[in-house]
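Asker: File run27.txt below, compact mmCIF, N, CA and C atoms:
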```
# COMPACT_ATOMS: atom_id res chain seq x y z
N MET A 27 89.61 128.55 87.12
CA MET A 27 90.12 127.27 86.69
C MET A 27 89.06 126.21 86.97
N GLU A 28 88.88 125.33 86.04
CA GLU A 28 87.87 124.29 86.13
C GLU A 28 88.28 123.21 87.14
N ARG A 29 87.31 122.73 87.90
CA ARG A 29 87.56 121.62 88.82
C ARG A 29 87.26 120.30 88.12
N ALA A 30 87.94 119.25 88.53
CA ALA A 30 87.74 117.94 87.93
C ALA A 30 87.67 116.89 89.03
N THR A 31 86.89 115.86 88.79
CA THR A 31 86.80 114.74 89.73
C THR A 31 88.01 113.82 89.51
N LEU A 32 88.20 112.90 90.43
CA LEU A 32 89.28 111.92 90.29
C LEU A 32 89.07 111.12 89.01
N LYS A 33 87.84 110.77 88.72
CA LYS A 33 87.53 110.01 87.51
C LYS A 33 87.91 110.80 86.25
N GLU A 34 87.63 112.10 86.24
CA GLU A 34 87.98 112.95 85.10
C GLU A 34 89.50 113.07 84.96
N TYR A 35 90.20 113.18 86.10
CA TYR A 35 91.66 113.24 86.09
C TYR A 35 92.23 111.96 85.48
N GLU A 36 91.74 110.82 85.94
CA GLU A 36 92.23 109.54 85.45
C GLU A 36 91.94 109.37 83.95
N ALA A 37 90.75 109.81 83.52
CA ALA A 37 90.38 109.71 82.10
C ALA A 37 91.27 110.61 81.24
N ALA A 38 91.59 111.80 81.72
CA ALA A 38 92.44 112.73 80.98
C ALA A 38 93.85 112.14 80.83
N LYS A 39 94.34 111.52 81.88
CA LYS A 39 95.67 110.92 81.85
C LYS A 39 95.68 109.72 80.89
N ALA A 40 94.63 108.90 80.96
CA ALA A 40 94.54 107.73 80.09
C ALA A 40 94.41 108.13 78.63
N ALA A 41 93.73 109.24 78.35
CA ALA A 41 93.55 109.69 76.97
C ALA A 41 94.89 109.94 76.28
N VAL A 42 95.89 110.31 77.05
CA VAL A 42 97.22 110.59 76.49
C VAL A 42 98.12 109.36 76.56
N LEU A 43 98.03 108.59 77.65
CA LEU A 43 99.03 107.56 77.91
C LEU A 43 98.59 106.11 77.68
N TYR A 44 97.31 105.85 77.63
CA TYR A 44 96.83 104.47 77.59
C TYR A 44 97.42 103.69 76.41
N GLY A 45 98.00 102.55 76.73
CA GLY A 45 98.54 101.65 75.72
C GLY A 45 99.84 102.11 75.08
N LYS A 46 100.46 103.13 75.64
CA LYS A 46 101.69 103.66 75.06
C LYS A 46 102.84 103.57 76.05
N GLU A 47 104.03 103.50 75.52
CA GLU A 47 105.22 103.59 76.37
C GLU A 47 105.49 105.06 76.62
N TYR A 48 105.83 105.38 77.87
CA TYR A 48 106.11 106.77 78.20
C TYR A 48 107.21 106.85 79.24
N LYS A 49 107.78 108.03 79.33
CA LYS A 49 108.81 108.29 80.33
C LYS A 49 108.24 109.27 81.35
N GLU A 50 108.40 108.94 82.62
CA GLU A 50 107.92 109.81 83.70
C GLU A 50 109.11 110.51 84.34
N THR A 51 108.99 111.81 84.49
CA THR A 51 109.99 112.56 85.25
C THR A 51 109.27 113.31 86.35
N SER A 52 109.93 113.48 87.47
CA SER A 52 109.32 114.22 88.57
C SER A 52 110.39 114.99 89.33
N SER A 53 109.94 116.07 89.94
CA SER A 53 110.83 116.88 90.76
C SER A 53 109.99 117.57 91.83
N MET A 54 110.67 118.09 92.84
CA MET A 54 109.98 118.81 93.90
C MET A 54 110.68 120.14 94.13
N GLU A 55 109.88 121.20 94.14
CA GLU A 55 110.40 122.53 94.43
C GLU A 55 109.46 123.19 95.43
N ASN A 56 109.98 123.64 96.55
CA ASN A 56 109.18 124.34 97.56
C ASN A 56 107.90 123.59 97.92
N ASN A 57 108.02 122.30 98.18
CA ASN A 57 106.89 121.43 98.54
C ASN A 57 105.84 121.29 97.44
N VAL A 58 106.23 121.53 96.21
CA VAL A 58 105.35 121.34 95.06
C VAL A 58 105.95 120.23 94.20
N ILE A 59 105.14 119.20 93.92
CA ILE A 59 105.60 118.08 93.11
C ILE A 59 105.22 118.34 91.65
N HIS A 60 106.20 118.26 90.77
CA HIS A 60 105.98 118.43 89.33
C HIS A 60 106.24 117.09 88.66
N LYS A 61 105.27 116.61 87.86
CA LYS A 61 105.45 115.37 87.12
C LYS A 61 105.13 115.61 85.66
N GLN A 62 105.86 114.90 84.82
CA GLN A 62 105.65 114.99 83.38
C GLN A 62 105.74 113.58 82.82
N TYR A 63 104.76 113.22 82.01
CA TYR A 63 104.72 111.91 81.36
C TYR A 63 104.78 112.17 79.86
N VAL A 64 105.84 111.70 79.20
CA VAL A 64 106.05 111.96 77.78
C VAL A 64 105.97 110.64 77.02
N CYS A 65 105.05 110.56 76.06
CA CYS A 65 104.95 109.36 75.23
C CYS A 65 106.20 109.22 74.38
N LYS A 66 106.75 108.01 74.37
CA LYS A 66 108.00 107.79 73.66
C LYS A 66 107.85 107.95 72.15
N ASP A 67 106.62 107.79 71.63
CA ASP A 67 106.41 107.96 70.19
C ASP A 67 106.14 109.42 69.81
N GLY A 68 106.19 110.32 70.80
CA GLY A 68 106.00 111.74 70.55
C GLY A 68 104.56 112.18 70.38
N SER A 69 103.62 111.28 70.67
CA SER A 69 102.21 111.58 70.42
C SER A 69 101.54 112.45 71.49
N GLY A 70 102.15 112.59 72.65
CA GLY A 70 101.51 113.41 73.68
C GLY A 70 102.32 113.53 74.95
N VAL A 71 101.90 114.51 75.77
CA VAL A 71 102.53 114.75 77.07
C VAL A 71 101.43 115.08 78.07
N PHE A 72 101.54 114.52 79.27
CA PHE A 72 100.61 114.80 80.36
C PHE A 72 101.43 115.43 81.48
N TYR A 73 100.94 116.55 81.99
CA TYR A 73 101.65 117.29 83.05
C TYR A 73 100.78 117.34 84.30
N GLU A 74 101.42 117.28 85.45
CA GLU A 74 100.69 117.51 86.70
C GLU A 74 101.59 118.21 87.70
N ARG A 75 100.93 119.01 88.53
CA ARG A 75 101.61 119.79 89.57
C ARG A 75 100.76 119.65 90.82
N THR A 76 101.34 119.14 91.90
CA THR A 76 100.59 118.88 93.12
C THR A 76 101.14 119.71 94.27
N GLU A 77 100.22 120.43 94.92
CA GLU A 77 100.58 121.25 96.07
C GLU A 77 99.44 121.17 97.09
N ASP A 78 99.78 120.87 98.34
CA ASP A 78 98.79 120.78 99.43
C ASP A 78 97.62 119.87 99.09
N GLY A 79 97.91 118.74 98.43
CA GLY A 79 96.87 117.76 98.12
C GLY A 79 96.00 118.10 96.93
N VAL A 80 96.29 119.18 96.24
CA VAL A 80 95.53 119.58 95.06
C VAL A 80 96.41 119.41 93.83
N THR A 81 95.92 118.66 92.84
CA THR A 81 96.67 118.41 91.63
C THR A 81 96.11 119.22 90.47
N GLU A 82 96.96 120.03 89.89
CA GLU A 82 96.62 120.76 88.67
C GLU A 82 97.18 119.94 87.52
N PHE A 83 96.38 119.72 86.47
CA PHE A 83 96.86 118.90 85.37
C PHE A 83 96.40 119.45 84.03
N TRP A 84 97.18 119.13 83.00
CA TRP A 84 96.88 119.53 81.63
C TRP A 84 97.68 118.62 80.71
N SER A 85 97.38 118.66 79.43
CA SER A 85 98.07 117.78 78.48
C SER A 85 98.09 118.42 77.10
N THR A 86 98.76 117.73 76.20
CA THR A 86 98.76 118.19 74.82
C THR A 86 97.37 118.03 74.20
N GLU A 87 96.55 117.15 74.73
CA GLU A 87 95.19 116.96 74.21
C GLU A 87 94.20 117.94 74.81
N HIS A 88 94.46 118.45 76.00
CA HIS A 88 93.56 119.38 76.68
C HIS A 88 94.43 120.40 77.40
N SER A 89 94.71 121.50 76.70
CA SER A 89 95.70 122.44 77.21
C SER A 89 95.23 123.31 78.37
N GLU A 90 93.91 123.42 78.58
CA GLU A 90 93.43 124.17 79.74
C GLU A 90 93.66 123.36 81.00
N SER A 91 94.29 123.96 81.99
CA SER A 91 94.55 123.21 83.21
C SER A 91 93.28 123.08 84.04
N ARG A 92 93.21 121.97 84.77
CA ARG A 92 92.08 121.68 85.64
C ARG A 92 92.63 121.27 87.00
N LEU A 93 91.80 121.39 88.02
CA LEU A 93 92.21 121.05 89.39
C LEU A 93 91.46 119.83 89.89
N ASN A 94 92.19 118.92 90.51
CA ASN A 94 91.58 117.78 91.16
C ASN A 94 91.85 117.90 92.66
N HIS A 95 90.78 117.98 93.45
CA HIS A 95 90.91 118.14 94.90
C HIS A 95 90.75 116.83 95.66
N SER A 96 90.64 115.72 94.94
CA SER A 96 90.47 114.43 95.60
C SER A 96 91.72 114.08 96.38
N GLN A 97 91.51 113.70 97.60
CA GLN A 97 92.64 113.30 98.42
C GLN A 97 92.40 111.89 98.91
N VAL A 98 93.46 111.13 98.95
CA VAL A 98 93.36 109.76 99.45
C VAL A 98 93.26 109.84 100.97
N SER A 99 92.27 109.18 101.52
CA SER A 99 92.13 109.22 102.98
C SER A 99 93.26 108.40 103.60
N ARG A 100 93.70 108.84 104.71
CA ARG A 100 94.81 108.18 105.40
C ARG A 100 94.29 107.55 106.68
N HIS A 101 94.57 106.28 106.83
CA HIS A 101 94.15 105.55 108.04
C HIS A 101 95.35 105.20 108.87
N ILE A 102 95.26 105.44 110.13
CA ILE A 102 96.34 105.09 111.05
C ILE A 102 95.84 103.96 111.93
N PHE A 103 96.54 102.86 111.93
CA PHE A 103 96.15 101.72 112.75
C PHE A 103 97.13 101.61 113.91
N LEU A 104 96.58 101.51 115.11
CA LEU A 104 97.42 101.38 116.30
C LEU A 104 97.37 99.98 116.82
```
Now, as a test, write the supplied structure out as structure tokens.
Answerer:
Amino acid sequence: MERATLKEYEAAKAAVLYGKEYKETSSMENNVIHKQYVCKDGSGVFYERTEDGVTEFWSTEHSESRLNHSQVSRHIFL
């Protein structure tokens, strides 16, 4: 499976959703987050599945799934 940078992930998502109205649905099963973004005009769908900080994503425009390993750093202030 191909790896993707955060920038590539964001670009893939924007390619389907930018400037369009969409509906987001999400669910969690066994600590895996599933999200689906469906354009209301029927022009596309973006899917993502996140487990252990790794997001697998694909869309109607790019059906091969890719992995994004970028994790947001967490800061704890005391």
Asker: Restricting the calculation to all atoms listed in the file: of A:His60, A:His95, A:Lys46, A:Arg29, which residue gets closest to Tyr73 of chain A?
Answerer: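 Among the listed residues, the smallest separation from Tyr73 of chain A belongs to A:His60.
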Asker: From the DSSP assignment of the backbone, select every residue of chain A that is strand (DSSP E), and format the answer as a PyMOL selection string.
Answerer: chain A and resi 28-30+48-55+58-65+71-77+80-85+92-94
Asker: Around the point (100.2, 118.9, 70.4) in the file's coordinates, collect all residues with an atom within 7 Å, using only N, CA and C atoms, and return them as a ChimeraX atom specification.
Answerer: /A:69-70,86-87
Asker: Let me see the file: selected residues, N, CA and C atoms, as a PDB file, in the coordinates of the input.
Answerer:
```pdb
ATOM      1  N   SER A  69     103.620 111.280  70.670  1.00  0.00           N
ATOM      2  CA  SER A  69     102.210 111.580  70.420  1.00  0.00           C
ATOM      3  C   SER A  69     101.540 112.450  71.490  1.00  0.00           C
ATOM      4  N   GLY A  70     102.150 112.590  72.650  1.00  0.00           N
ATOM      5  CA  GLY A  70     101.510 113.410  73.680  1.00  0.00           C
ATOM      6  C   GLY A  70     102.320 113.530  74.950  1.00  0.00           C
ATOM      7  N   THR A  86      98.760 117.730  76.200  1.00  0.00           N
ATOM      8  CA  THR A  86      98.760 118.190  74.820  1.00  0.00           C
ATOM      9  C   THR A  86      97.370 118.030  74.200  1.00  0.00           C
ATOM     10  N   GLU A  87      96.550 117.150  74.730  1.00  0.00           N
ATOM     11  CA  GLU A  87      95.190 116.960  74.210  1.00  0.00           C
ATOM     12  C   GLU A  87      94.200 117.940  74.810  1.00  0.00           C
TER      13      GLU A  87
END
```
Asker: Measure the distance from atom CA of Val80 of chain A to atom C of Arg92 of chain A in Å and round it to one decimal.
Answerer: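 Rounded to one decimal, the two atoms are 8.7 Å apart.
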Asker: Give me the box for segment 29-35 of chain A as AutoDock Vina command-line options, namely the centre and edge lengths in Å to one decimal of a box along x, y and z that holds every listed atom plus 6 Å on each side.
Answerer:
```
--center_x 89.5 --center_y 116.4 --center_z 87.7 --size_x 17.4 --size_y 24.7 --size_z 17.5
```
Asker: Please identify all polymer residues within 9 Å of Ala38 of chain A, counting only C-alpha atoms, omitting same-chain residues fewer than 2 positions from it, and present them as a list in words.
Answerer: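 Non-adjacent residues within range: Lys33, Glu34, Tyr35, Glu36, Ala40, Ala41, Val42, Leu43, Phe72, Phe83, Trp84, Ser85, Glu87 and His88 of chain A.
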